[in-house]
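Shown next: data_1.txt, given as compact mmCIF, C-alpha atoms.
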```
# COMPACT_ATOMS: atom_id res chain seq x y z
CA MET A 1 -36.38 -16.91 -54.73
CA PHE A 2 -35.80 -19.05 -51.63
CA ARG A 3 -32.06 -18.44 -51.81
CA LYS A 4 -32.57 -14.70 -52.18
CA THR A 5 -34.94 -14.63 -49.18
CA LEU A 6 -32.51 -16.69 -47.07
CA LEU A 7 -29.67 -14.40 -48.02
CA LEU A 8 -31.67 -11.32 -46.99
CA ILE A 9 -32.50 -12.93 -43.64
CA LEU A 10 -28.84 -13.77 -42.99
CA VAL A 11 -27.73 -10.26 -43.91
CA SER A 12 -30.36 -8.79 -41.55
CA ILE A 13 -29.16 -11.01 -38.71
CA PHE A 14 -25.56 -10.01 -39.36
CA ILE A 15 -26.39 -6.29 -39.40
CA ALA A 16 -28.44 -6.62 -36.20
CA SER A 17 -25.60 -8.43 -34.43
CA CYS A 18 -23.09 -5.77 -35.49
CA SER A 19 -25.29 -2.92 -34.28
CA LYS A 20 -26.16 -4.60 -30.98
CA PRO A 21 -24.40 -2.79 -28.13
CA SER A 22 -21.61 -4.77 -26.51
CA ILE A 23 -22.24 -5.86 -22.95
CA GLU A 24 -19.45 -4.70 -20.69
CA LYS A 25 -18.20 -7.37 -18.34
CA THR A 26 -19.20 -6.70 -14.74
CA PRO A 27 -16.01 -6.07 -12.75
CA GLU A 28 -15.16 -8.65 -10.12
CA PHE A 29 -14.06 -6.98 -6.91
CA VAL A 30 -12.06 -8.61 -4.16
CA ARG A 31 -14.36 -9.61 -1.30
CA VAL A 32 -14.05 -11.51 1.97
CA GLU A 33 -15.85 -14.80 2.45
CA ASN A 34 -15.30 -17.33 5.24
CA GLY A 35 -12.05 -15.73 6.27
CA GLU A 36 -10.57 -15.69 2.75
CA PHE A 37 -10.17 -13.12 0.01
CA MET A 38 -12.21 -14.13 -3.03
CA ILE A 39 -12.44 -12.99 -6.65
CA GLY A 40 -15.40 -14.62 -8.32
CA ASP A 41 -15.32 -18.26 -7.29
CA SER A 42 -11.58 -18.32 -6.64
CA VAL A 43 -9.59 -17.75 -3.48
CA TYR A 44 -7.25 -14.76 -3.84
CA ARG A 45 -3.89 -15.08 -2.10
CA TYR A 46 -1.04 -12.91 -3.21
CA ILE A 47 2.49 -11.64 -3.04
CA GLY A 48 2.53 -7.89 -3.45
CA THR A 49 4.83 -4.98 -2.85
CA ASN A 50 4.81 -1.42 -1.58
CA PHE A 51 5.00 1.01 -4.49
CA TRP A 52 4.07 4.18 -2.62
CA TYR A 53 5.41 6.52 -5.33
CA GLY A 54 3.30 5.02 -8.14
CA ALA A 55 1.14 8.14 -8.67
CA ILE A 56 4.21 10.39 -8.82
CA LEU A 57 5.87 8.07 -11.34
CA GLY A 58 2.67 8.00 -13.40
CA SER A 59 2.56 11.78 -13.70
CA GLU A 60 3.91 13.90 -16.53
CA GLY A 61 5.48 16.45 -14.20
CA ARG A 62 8.49 16.50 -11.90
CA GLY A 63 9.39 13.02 -10.76
CA GLY A 64 7.17 11.41 -13.40
CA ASN A 65 8.31 8.76 -15.88
CA ARG A 66 5.51 6.84 -17.57
CA GLU A 67 7.82 4.59 -19.52
CA ARG A 68 9.50 3.54 -16.32
CA LEU A 69 6.10 3.04 -14.67
CA LYS A 70 4.97 0.67 -17.40
CA SER A 71 8.28 -1.19 -17.29
CA GLU A 72 7.99 -1.52 -13.50
CA LEU A 73 4.47 -2.93 -13.69
CA ASP A 74 5.51 -5.34 -16.42
CA LEU A 75 8.46 -6.57 -14.37
CA MET A 76 6.29 -6.96 -11.27
CA GLN A 77 3.76 -9.00 -13.22
CA LYS A 78 6.47 -11.15 -14.78
CA SER A 79 7.86 -11.78 -11.28
CA GLY A 80 4.50 -12.89 -9.89
CA ILE A 81 3.63 -9.64 -8.10
CA ASN A 82 -0.03 -8.73 -8.68
CA ASN A 83 -0.80 -6.37 -5.81
CA ILE A 84 0.71 -2.98 -5.01
CA ARG A 85 0.25 -0.57 -2.11
CA VAL A 86 0.18 3.06 -3.21
CA LEU A 87 0.11 6.43 -1.45
CA VAL A 88 -2.85 8.67 -2.32
CA GLY A 89 -1.40 11.67 -0.57
CA GLY A 90 1.65 13.78 -0.10
CA ASP A 91 0.53 16.84 1.84
CA GLY A 92 1.87 20.24 2.79
CA GLU A 93 5.04 22.13 2.01
CA GLU A 94 7.84 20.99 -0.27
CA ASN A 95 11.61 21.22 0.29
CA ILE A 96 11.28 19.90 3.85
CA PRO A 97 13.93 17.40 5.03
CA SER A 98 12.77 13.78 4.75
CA HIS A 99 9.56 14.75 2.94
CA ILE A 100 8.46 13.55 -0.49
CA MET A 101 7.92 15.90 -3.40
CA PRO A 102 5.98 16.81 -5.37
CA VAL A 103 3.00 16.70 -3.04
CA LEU A 104 -0.58 15.90 -4.02
CA GLN A 105 -2.45 18.18 -1.57
CA THR A 106 -0.88 21.64 -1.34
CA ALA A 107 -3.53 23.06 1.01
CA PRO A 108 -6.74 21.59 2.48
CA GLY A 109 -8.71 20.30 -0.51
CA VAL A 110 -6.34 21.99 -3.02
CA TYR A 111 -4.73 19.45 -5.32
CA ASN A 112 -1.81 19.20 -7.69
CA ASP A 113 -3.65 18.03 -10.78
CA THR A 114 -0.45 16.61 -12.27
CA ILE A 115 -0.29 14.01 -9.48
CA LEU A 116 -4.03 13.30 -9.74
CA ASP A 117 -3.45 12.67 -13.44
CA GLY A 118 -0.62 10.31 -12.51
CA LEU A 119 -2.89 8.41 -10.14
CA ASP A 120 -5.55 8.06 -12.84
CA TYR A 121 -2.93 6.82 -15.28
CA LEU A 122 -1.58 4.29 -12.78
CA ILE A 123 -5.06 2.90 -12.07
CA ALA A 124 -5.75 2.61 -15.81
CA GLU A 125 -2.48 0.71 -16.34
CA LEU A 126 -3.32 -1.64 -13.46
CA GLU A 127 -6.71 -2.37 -15.02
CA LYS A 128 -5.01 -3.33 -18.29
CA ARG A 129 -2.84 -5.85 -16.43
CA ASP A 130 -5.53 -7.21 -14.07
CA MET A 131 -3.44 -6.07 -11.09
CA LYS A 132 -4.79 -4.86 -7.74
CA ALA A 133 -3.94 -1.86 -5.56
CA VAL A 134 -4.35 -0.91 -1.92
CA LEU A 135 -4.65 2.88 -1.77
CA PHE A 136 -3.69 4.54 1.52
CA LEU A 137 -5.10 7.99 2.18
CA ASN A 138 -3.15 9.39 5.13
CA ASN A 139 0.11 8.82 6.99
CA ALA A 140 0.96 8.88 10.68
CA TRP A 141 4.60 9.55 9.76
CA GLU A 142 6.31 12.66 8.53
CA TRP A 143 7.61 11.58 5.14
CA SER A 144 4.41 12.37 3.22
CA GLY A 145 2.72 14.91 5.50
CA GLY A 146 -0.37 13.27 6.90
CA TYR A 147 -1.05 13.71 10.64
CA GLY A 148 1.49 16.49 11.07
CA THR A 149 0.38 18.49 8.06
CA TYR A 150 -3.29 18.32 9.06
CA LEU A 151 -2.32 19.61 12.51
CA ASP A 152 -0.33 22.43 10.88
CA TRP A 153 -3.35 23.34 8.77
CA ALA A 154 -5.52 23.21 11.90
CA ARG A 155 -3.05 25.65 13.53
CA ASP A 156 -2.37 23.30 16.41
CA GLY A 157 1.31 24.24 16.72
CA LYS A 158 4.13 23.63 14.25
CA THR A 159 4.86 19.94 13.78
CA PRO A 160 8.44 19.05 14.77
CA ASN A 161 10.58 17.55 12.02
CA PRO A 162 12.07 14.24 13.20
CA ALA A 163 15.22 14.83 11.12
CA ILE A 164 15.87 17.98 13.18
CA ASP A 165 13.91 17.64 16.42
CA GLY A 166 13.90 13.87 16.91
CA TYR A 167 11.10 11.32 16.75
CA GLN A 168 9.97 11.66 20.34
CA ALA A 169 9.14 15.33 19.83
CA TYR A 170 7.32 14.43 16.62
CA MET A 171 5.29 11.63 18.20
CA ASP A 172 4.35 13.72 21.23
CA HIS A 173 2.99 16.40 18.92
CA VAL A 174 1.07 14.23 16.45
CA SER A 175 -0.65 12.37 19.29
CA LYS A 176 -3.01 15.38 19.13
CA PHE A 177 -4.30 14.39 15.69
CA VAL A 178 -6.99 11.96 16.83
CA THR A 179 -8.39 14.52 19.30
CA ASN A 180 -8.33 17.48 16.90
CA ASP A 181 -11.68 17.71 15.11
CA SER A 182 -10.46 20.25 12.55
CA ALA A 183 -7.52 18.08 11.50
CA LYS A 184 -9.72 14.98 11.30
CA ASN A 185 -12.34 16.81 9.25
CA MET A 186 -9.72 17.87 6.69
CA ALA A 187 -8.51 14.29 6.45
CA ALA A 188 -12.11 13.10 5.98
CA ASN A 189 -12.65 15.63 3.19
CA HIS A 190 -9.56 14.31 1.43
CA THR A 191 -10.96 10.80 1.75
CA LYS A 192 -14.26 11.91 0.19
CA ASN A 193 -12.47 13.65 -2.67
CA MET A 194 -10.38 10.60 -3.55
CA VAL A 195 -12.97 7.85 -3.08
CA THR A 196 -15.52 9.69 -5.25
CA ARG A 197 -13.01 10.56 -7.97
CA VAL A 198 -13.67 9.72 -11.66
CA ASN A 199 -10.71 8.42 -13.68
CA ARG A 200 -10.05 10.66 -16.67
CA TYR A 201 -8.45 7.81 -18.65
CA THR A 202 -11.09 5.13 -18.16
CA GLY A 203 -14.10 7.41 -17.64
CA LYS A 204 -15.12 5.28 -14.67
CA PRO A 205 -15.54 6.31 -11.05
CA TYR A 206 -12.90 4.86 -8.78
CA THR A 207 -15.74 3.08 -7.00
CA GLU A 208 -16.16 0.92 -10.13
CA SER A 209 -12.49 0.14 -10.77
CA PRO A 210 -11.57 -3.55 -10.55
CA ALA A 211 -7.95 -2.49 -9.99
CA ILE A 212 -8.72 -1.26 -6.47
CA MET A 213 -8.65 -3.99 -3.83
CA SER A 214 -8.92 -1.78 -0.76
CA TRP A 215 -9.10 1.77 0.49
CA GLN A 216 -6.82 2.19 3.47
CA ILE A 217 -7.34 4.76 6.21
CA ALA A 218 -3.67 5.57 6.77
CA ASN A 219 -0.13 4.32 6.69
CA GLU A 220 0.62 2.99 10.17
CA PRO A 221 -2.08 4.93 12.04
CA ARG A 222 -1.32 5.25 15.74
CA ALA A 223 -2.74 6.89 18.80
CA PHE A 224 0.83 7.87 19.77
CA ALA A 225 -0.31 7.95 23.41
CA SER A 226 -1.23 5.21 25.88
CA ASP A 227 -3.88 7.01 27.95
CA SER A 228 -7.40 5.61 27.67
CA ILE A 229 -8.93 8.80 26.27
CA THR A 230 -6.52 9.08 23.32
CA LYS A 231 -6.77 5.37 22.56
CA ALA A 232 -10.57 5.59 22.57
CA GLU A 233 -10.47 8.62 20.26
CA PHE A 234 -8.11 6.72 17.97
CA ALA A 235 -10.46 3.74 17.75
CA ASN A 236 -13.43 6.04 17.15
CA TRP A 237 -11.55 7.83 14.36
CA ILE A 238 -10.73 4.55 12.63
CA ALA A 239 -14.39 3.51 12.89
CA SER A 240 -15.67 6.82 11.53
CA GLN A 241 -13.27 6.78 8.57
CA ALA A 242 -14.20 3.19 7.76
CA ALA A 243 -17.91 4.01 7.87
CA LEU A 244 -17.35 7.05 5.65
CA ILE A 245 -15.52 5.03 3.01
CA LYS A 246 -18.15 2.28 3.02
CA SER A 247 -20.91 4.88 2.60
CA LEU A 248 -19.16 6.22 -0.48
CA ASP A 249 -17.94 2.95 -1.98
CA PRO A 250 -19.75 -0.31 -1.19
CA ASN A 251 -17.75 -2.22 -3.83
CA HIS A 252 -14.28 -2.17 -2.32
CA LEU A 253 -12.70 -3.42 0.88
CA VAL A 254 -11.58 -1.11 3.69
CA SER A 255 -8.44 -1.64 5.78
CA THR A 256 -6.60 0.19 8.54
CA GLY A 257 -2.89 0.18 7.58
CA SER A 258 -1.95 -0.75 11.17
CA GLU A 259 1.39 -2.20 12.25
CA GLY A 260 -0.41 -4.52 14.64
CA LYS A 261 0.18 -4.56 18.39
CA HIS A 262 3.37 -2.55 17.85
CA GLY A 263 1.34 0.30 16.36
CA CYS A 264 -1.30 0.20 19.09
CA GLU A 265 0.91 1.11 22.05
CA GLN A 266 1.59 -2.62 22.58
CA ASP A 267 -2.13 -3.07 23.26
CA LEU A 268 -3.35 -6.11 21.36
CA GLU A 269 -6.90 -5.51 22.54
CA LEU A 270 -6.86 -2.06 20.93
CA TRP A 271 -5.68 -3.63 17.66
CA ASN A 272 -8.46 -6.21 17.91
CA ARG A 273 -10.99 -3.47 18.61
CA ILE A 274 -10.21 -1.47 15.48
CA HIS A 275 -10.17 -4.60 13.31
CA SER A 276 -13.40 -5.99 14.76
CA ASP A 277 -15.30 -3.00 13.42
CA PRO A 278 -17.86 -4.27 10.85
CA ASN A 279 -16.62 -1.78 8.24
CA ILE A 280 -13.03 -3.07 8.45
CA ASP A 281 -12.77 -6.06 6.16
CA TYR A 282 -9.44 -7.62 7.12
CA GLY A 283 -6.56 -7.43 9.55
CA ILE A 284 -3.22 -5.73 8.94
CA VAL A 285 0.20 -6.16 10.55
CA HIS A 286 3.64 -4.80 9.67
CA LEU A 287 6.96 -6.00 11.01
CA TRP A 288 10.52 -4.76 10.82
CA PRO A 289 13.26 -7.12 12.09
CA TYR A 290 15.99 -4.45 11.80
CA ASN A 291 14.00 -1.44 13.00
CA TRP A 292 12.66 -3.40 15.95
CA GLY A 293 16.09 -4.64 17.03
CA TRP A 294 15.70 -8.33 16.21
CA ILE A 295 18.83 -8.13 14.06
CA ASN A 296 21.63 -5.60 13.69
CA GLU A 297 23.97 -4.51 10.93
CA GLU A 298 26.50 -7.23 11.77
CA THR A 299 24.01 -10.11 12.06
CA ILE A 300 21.83 -9.70 8.98
CA VAL A 301 22.66 -13.17 7.67
CA ASP A 302 23.44 -14.98 10.93
CA SER A 303 20.26 -13.85 12.71
CA VAL A 304 17.71 -14.84 10.07
CA GLY A 305 16.61 -17.70 12.32
CA VAL A 306 15.93 -15.25 15.16
CA ALA A 307 13.96 -13.01 12.79
CA LYS A 308 11.85 -15.95 11.60
CA THR A 309 11.06 -17.06 15.17
CA LYS A 310 10.06 -13.57 16.25
CA THR A 311 8.02 -13.10 13.07
CA LEU A 312 5.94 -16.17 13.89
CA GLU A 313 5.53 -15.04 17.49
CA TYR A 314 4.35 -11.63 16.33
CA ILE A 315 1.94 -12.77 13.63
CA LYS A 316 0.23 -15.65 15.43
CA PRO A 317 -1.83 -13.78 18.06
CA HIS A 318 -3.07 -11.35 15.39
CA SER A 319 -3.94 -14.25 13.11
CA ASP A 320 -5.82 -16.04 15.89
CA LEU A 321 -7.95 -12.96 16.54
CA MET A 322 -8.81 -12.58 12.87
CA LYS A 323 -9.77 -16.23 12.60
CA THR A 324 -12.24 -15.65 15.41
CA ALA A 325 -13.56 -12.59 13.55
CA GLY A 326 -13.77 -14.50 10.24
CA LYS A 327 -11.40 -12.10 8.51
CA PRO A 328 -8.11 -12.63 6.62
CA LEU A 329 -4.82 -11.19 7.85
CA VAL A 330 -2.25 -9.48 5.60
CA LEU A 331 1.41 -8.84 6.38
CA GLU A 332 1.42 -5.55 4.56
CA GLU A 333 4.90 -4.22 5.30
CA PHE A 334 8.07 -6.09 6.06
CA GLY A 335 11.65 -5.35 5.12
CA TYR A 336 15.05 -6.91 5.51
CA PRO A 337 18.38 -5.18 4.82
CA ARG A 338 21.00 -6.35 2.38
CA ASP A 339 23.98 -8.38 3.55
CA GLY A 340 26.68 -6.20 5.10
CA PHE A 341 24.16 -3.34 5.33
CA LYS A 342 24.81 -2.42 1.70
CA PHE A 343 22.43 -0.34 -0.41
CA GLU A 344 23.53 -0.86 -4.02
CA PRO A 345 21.18 -2.62 -6.49
CA GLY A 346 22.36 -6.16 -7.12
CA SER A 347 24.46 -6.43 -3.95
CA SER A 348 24.19 -9.62 -1.90
CA THR A 349 20.78 -10.48 -0.39
CA GLU A 350 21.37 -13.90 1.19
CA GLY A 351 19.69 -12.98 4.48
CA ARG A 352 16.78 -11.21 2.80
CA ASP A 353 16.15 -14.10 0.44
CA VAL A 354 15.89 -16.60 3.29
CA PHE A 355 13.59 -14.31 5.26
CA TYR A 356 11.36 -13.58 2.25
CA GLY A 357 11.09 -17.28 1.51
CA TYR A 358 9.92 -17.90 5.06
CA VAL A 359 7.20 -15.25 4.84
CA PHE A 360 6.00 -16.53 1.47
CA ASP A 361 5.74 -20.07 2.87
CA LEU A 362 3.39 -18.74 5.55
CA ILE A 363 1.01 -17.76 2.74
CA ALA A 364 1.45 -20.95 0.73
CA ASP A 365 1.54 -23.53 3.53
CA THR A 366 -0.49 -22.10 6.42
CA ASP A 367 -3.69 -20.19 7.14
CA MET A 368 -1.94 -17.51 9.18
CA ILE A 369 -1.74 -14.82 6.48
CA ALA A 370 -3.57 -14.52 3.17
CA GLY A 371 -1.18 -12.14 1.46
CA CYS A 372 1.79 -9.85 1.85
CA ASN A 373 3.30 -6.67 0.47
CA PHE A 374 7.05 -6.55 0.97
CA TRP A 375 8.69 -3.17 1.41
CA GLY A 376 9.48 -2.04 -1.09
CA TRP A 377 9.79 -1.91 -4.84
CA GLY A 378 12.90 -0.23 -6.28
CA GLY A 379 12.75 -1.86 -9.69
CA TYR A 380 14.69 0.02 -12.35
CA ALA A 381 15.64 2.93 -10.09
CA ASP A 382 19.27 4.03 -10.21
CA PRO A 383 19.91 5.76 -6.87
CA GLN A 384 22.48 8.54 -7.16
CA HIS A 385 22.82 9.27 -3.46
CA VAL A 386 22.43 7.33 -0.23
CA THR A 387 20.26 10.17 1.04
CA TRP A 388 17.51 11.10 -1.42
CA GLU A 389 18.03 14.41 -3.19
CA LYS A 390 15.58 16.31 -5.36
CA TRP A 391 14.63 14.42 -8.49
CA ASP A 392 16.75 11.38 -7.82
CA ASP A 393 14.92 8.24 -8.93
CA TYR A 394 12.41 7.15 -6.34
CA THR A 395 13.08 3.76 -4.76
CA GLY A 396 10.99 1.84 -2.27
CA ASP A 397 12.76 3.68 0.55
CA PRO A 398 11.20 7.02 1.49
CA ALA A 399 13.37 10.09 1.85
CA GLN A 400 14.18 9.66 5.55
CA GLU A 401 15.88 6.29 4.91
CA GLN A 402 18.95 5.19 2.99
CA GLN A 403 18.06 4.70 -0.66
CA GLY A 404 18.33 0.95 -1.23
CA LEU A 405 18.00 -0.07 2.42
CA ASN A 406 14.90 -2.24 1.89
CA SER A 407 14.31 -1.89 -1.86
CA VAL A 408 14.08 -4.82 -4.25
CA PHE A 409 15.66 -3.79 -7.56
CA ALA A 410 15.50 -5.30 -11.02
CA LYS A 411 19.14 -6.34 -10.56
CA ASP A 412 18.26 -8.46 -7.51
CA LYS A 413 17.77 -11.62 -9.55
CA SER A 414 17.89 -14.10 -6.66
CA THR A 415 15.15 -12.23 -4.79
CA LEU A 416 12.96 -11.92 -7.88
CA ASP A 417 13.37 -15.65 -8.53
CA ILE A 418 12.22 -16.45 -4.98
CA ILE A 419 9.21 -14.16 -5.40
CA SER A 420 8.32 -15.73 -8.75
CA ASN A 421 8.62 -19.32 -7.52
CA ALA A 422 6.62 -18.56 -4.38
CA SER A 423 3.88 -16.87 -6.40
CA LYS A 424 3.52 -19.98 -8.58
CA LYS A 425 3.34 -22.15 -5.47
CA ILE A 426 0.64 -19.97 -3.91
CA ALA A 427 -1.36 -20.07 -7.15
CA THR A 428 -1.54 -23.89 -6.96
CA ARG A 429 -2.44 -23.98 -3.26
```

Encoded form (structure tokens):
Amino acid sequence: MFRKTLLLILVSIFIASCSKPSIEKTPEFVRVENGEFMIGDSVYRYIGTNFWYGAILGSEGRGGNRERLKSELDLMQKSGINNIRVLVGGDGEENIPSHIMPVLQTAPGVYNDTILDGLDYLIAELEKRDMKAVLFLNNAWEWSGGYGTYLDWARDGKTPNPAIDGYQAYMDHVSKFVTNDSAKNMAANHTKNMVTRVNRYTGKPYTESPAIMSWQIANEPRAFASDSITKAEFANWIASQAALIKSLDPNHLVSTGSEGKHGCEQDLELWNRIHSDPNIDYGIVHLWPYNWGWINEETIVDSVGVAKTKTLEYIKPHSDLMKTAGKPLVLEEFGYPRDGFKFEPGSSTEGRDVFYGYVFDLIADTDMIAGCNFWGWGGYADPQHVTWEKWDDYTGDPAQEQQGLNSVFAKDKSTLDIISNASKKIATR
């Protein structure tokens, strides 16, 4: 009788335990504490990459390739890359020179659901791998629409195309963005739509996704004018967008996407102002040794030392300001061409490897930067043309640049080895 009673009790306990609802683990979001990124009780420092086309690749429409997407994420993770920066945009007309396609937003608030589906799929795949993403919502430059497209939609003149009209004409025109209320309101509505989105694959709101590290206001936002009124409007726009995002999503960080002093009309105080806003969680700088004239096509290898010196000179004042503010600093974009100004996957990268190693040591050995996202990820892409043509594989280089100029491909074994070794070093810091 005792044995029978004991058996019944044990069976009841077993049944109760099986029927008890499982407790879902509370997601741990990246936060800032004492000037460091933290996840749980651990400091989060990282090597990441720019993977702007991730949502396109994750789609099942034109330009999509989910098998490639999964292979790319697996290779990144194997190489020690756990953070990617992704475009949540692509606005306006298609078949425009130097402009990505397909686009996400075909008209104000009208979306290509195929790309939204690709974004959902990408986020779900990141969650499976415990990877993080920075999602940027706008672009000051022409290659994905952004500023210029919002001005077109606001009927504030036709935006010049830099490939045809030159960059000065483009920059003069888009300087009107931060003073055009209609254009800014459309950009704000896009922000609301994306931040409040629910992922169809996970069933969770984006606000609850542990894969999202940060919402970013724009790619390289600029005032594009040095007068005090435009600069003040620019700072106010950054502040208003940051406050909007925080009101919608208190779980995730907010960042600017700024190039640093170079993207603030050489006004370091303006950069400090936008990053001192209480709703901006960390500082951002970008740097481009080739684009900024520190090196040229003939001195890619020989001038690495010059590039390193100028990199330190550029980063340090931004880092000092963020230390005062108690915020981390991220070097979010940096590129370095291949030796001999080649573009082919697997071609020599001696200069790039030395430069990358220097940047990674700044994360591992100093308190100047807490993370980086090199530009950009080419992975398994097989570029068919130096200039991107419709439905060529996407690389890390947007359509206005040579395909392979700054991309890191799967064939670039020496670079991937440097990334992997540096990631292990940072993990033991």

Problem set entry | Exercise: Ser182 in chain A partners within 12 Å, only C-alpha atoms, chain neighbours under 6 positions left out, as a ChimeraX atom specification | /A:108,147,149-156,176,188-189

Residues near Thr309 in chain A, cut-off 12 Å, only C-alpha atoms, skip fewer than 6 positions along chain, as a PDB file with C-alpha atoms, in the frame of the given file:
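out-v6.pdb, freshly written:
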```pdb
ATOM      1  CA  PRO A 289      13.260  -7.120  12.090  1.00  0.00           C
ATOM      2  CA  TRP A 294      15.700  -8.330  16.210  1.00  0.00           C
ATOM      3  CA  ILE A 295      18.830  -8.130  14.060  1.00  0.00           C
ATOM      4  CA  SER A 303      20.260 -13.850  12.710  1.00  0.00           C
ATOM      5  CA  ILE A 315       1.940 -12.770  13.630  1.00  0.00           C
ATOM      6  CA  LYS A 316       0.230 -15.650  15.430  1.00  0.00           C
ATOM      7  CA  PHE A 355      13.590 -14.310   5.260  1.00  0.00           C
ATOM      8  CA  TYR A 358       9.920 -17.900   5.060  1.00  0.00           C
ATOM      9  CA  VAL A 359       7.200 -15.250   4.840  1.00  0.00           C
TER      10      VAL A 359
END
```

For this session: Choose the residue, out of A:Leu321, A:Ala225, A:Ala133, A:Met101, that has the smallest atom-to-atom separation from His252 in chain A; count all atoms listed in the file.
Result: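 Nearest candidate to His252 in chain A out of A:Leu321, A:Ala225, A:Ala133, A:Met101: A:Ala133.
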
For this session: Compile the contact shell of Asn219 in chain A as a ChimeraX atom specification: residues with an atom at most 12 Å away, counting only C-alpha atoms, same-chain residues fewer than 5 positions apart removed.
Result: /A:50,52,85-90,134-147,255-260,263,284-286,332-333

Could you write out the selected residues, including C-alpha atoms, as a tab-separated table (two decimals), keeping the file's coordinate frame?
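Listed below is the output, selection.tsv:
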```tsv
chain	number	residue	atom	x	y	z
A	50	ASN	CA	4.81	-1.42	-1.58
A	52	TRP	CA	4.07	4.18	-2.62
A	85	ARG	CA	0.25	-0.57	-2.11
A	86	VAL	CA	0.18	3.06	-3.21
A	87	LEU	CA	0.11	6.43	-1.45
A	88	VAL	CA	-2.85	8.67	-2.32
A	89	GLY	CA	-1.40	11.67	-0.57
A	90	GLY	CA	1.65	13.78	-0.10
A	134	VAL	CA	-4.35	-0.91	-1.92
A	135	LEU	CA	-4.65	2.88	-1.77
A	136	PHE	CA	-3.69	4.54	1.52
A	137	LEU	CA	-5.10	7.99	2.18
A	138	ASN	CA	-3.15	9.39	5.13
A	139	ASN	CA	0.11	8.82	6.99
A	140	ALA	CA	0.96	8.88	10.68
A	141	TRP	CA	4.60	9.55	9.76
A	142	GLU	CA	6.31	12.66	8.53
A	143	TRP	CA	7.61	11.58	5.14
A	144	SER	CA	4.41	12.37	3.22
A	145	GLY	CA	2.72	14.91	5.50
A	146	GLY	CA	-0.37	13.27	6.90
A	147	TYR	CA	-1.05	13.71	10.64
A	255	SER	CA	-8.44	-1.64	5.78
A	256	THR	CA	-6.60	0.19	8.54
A	257	GLY	CA	-2.89	0.18	7.58
A	258	SER	CA	-1.95	-0.75	11.17
A	259	GLU	CA	1.39	-2.20	12.25
A	260	GLY	CA	-0.41	-4.52	14.64
A	263	GLY	CA	1.34	0.30	16.36
A	284	ILE	CA	-3.22	-5.73	8.94
A	285	VAL	CA	0.20	-6.16	10.55
A	286	HIS	CA	3.64	-4.80	9.67
A	332	GLU	CA	1.42	-5.55	4.56
A	333	GLU	CA	4.90	-4.22	5.30
```

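Our summary of the geometry notes that CA of Ala235 in chain A is positioned 9.5 Å from CA of Arg222 in chain A.
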
For this session: Just give me the residues with any atom within 10 Å of (15.7, -15.7, 6.9), file coordinates, counting only C-alpha atoms, written as a list in words.
Result: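 Every residue inside that radius is included here: Ile300, Val301, Asp302, Ser303, Val304, Gly305, Val306, Ala307, Lys308, Thr309, Tyr336, Glu350, Gly351, Arg352, Asp353, Val354, Phe355, Tyr356, Gly357, Tyr358 and Val359 of chain A.
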
Exercise. Excluding same-chain residues fewer than 3 positions from Met38 in chain A, what lies within 12 Å of it counting all atoms listed in the file, as a PyMOL selection string?
Worked result: chain A and resi 28-35+41-46+213+253+327-328+370

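Nearest residue to Ile245 in chain A, choosing from A:Ala107, A:Leu126, A:Leu329, A:Ile280 and counting only C-alpha atoms: A:Ile280.
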
Exercise. What gap, in Å, lies between CA of Pro160 in chain A and CA of Tyr111 in chain A?
Worked result: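 CA of Tyr111 in chain A lies 24.0 Å from CA of Pro160 in chain A.
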
Exercise. What does the distance between CA of Lys128 in chain A and CA of Gly40 in chain A come to in Å, to one decimal place?
Worked result: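 It comes out at 18.3 Å.
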
Seminar exercise, completed: In terms of all atoms listed in the file, the residue from A:Lys231, A:His173, A:Lys390, A:Lys246 at minimal distance from Glu269 in chain A is A:Lys231

Exercise. Within 7 Å of range 200-207 of chain A, counting all atoms listed in the file, which residues qualify if same-chain residues fewer than 5 places away don't, as a ChimeraX atom specification?
Worked result: /A:120-121,124,195,249,251

Which polymer residues, whether protein, DNA or RNA, lie within 6 Å of the coordinate (3.8, -3.9, -5.8) when you count only C-alpha atoms? List them as a tab-separated table (two decimals) with C-alpha atoms, keeping the file's coordinate frame, using the chain letters and numbers from the file.
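As a result, result38.tsv now contains:
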```tsv
chain	number	residue	atom	x	y	z
A	48	GLY	CA	2.53	-7.89	-3.45
A	49	THR	CA	4.83	-4.98	-2.85
A	50	ASN	CA	4.81	-1.42	-1.58
A	51	PHE	CA	5.00	1.01	-4.49
A	83	ASN	CA	-0.80	-6.37	-5.81
A	84	ILE	CA	0.71	-2.98	-5.01
```

For this session: Have a look at A:Gln400, A:Asn272, A:Asn95, A:Asn296 and name the one nearest to Ser319 in chain A; count only C-alpha atoms.
Result: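 Using only C-alpha atoms, the shortest distance to Ser319 in chain A belongs to A:Asn272.
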
For this session: Name the closest residue to Lys184 in chain A among the candidates A:Ile238, A:Glu220, A:Pro210, A:Asn291; distances are taken between atoms, counting only C-alpha atoms.
Result: A:Ile238

Exercise. Which is closer to Met194 in chain A than all the others in A:Gly376, A:Leu116, A:Met368, A:Gln168, using all atoms listed in the file?
Worked result: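 Closest residue, counting all atoms listed in the file: A:Leu116.
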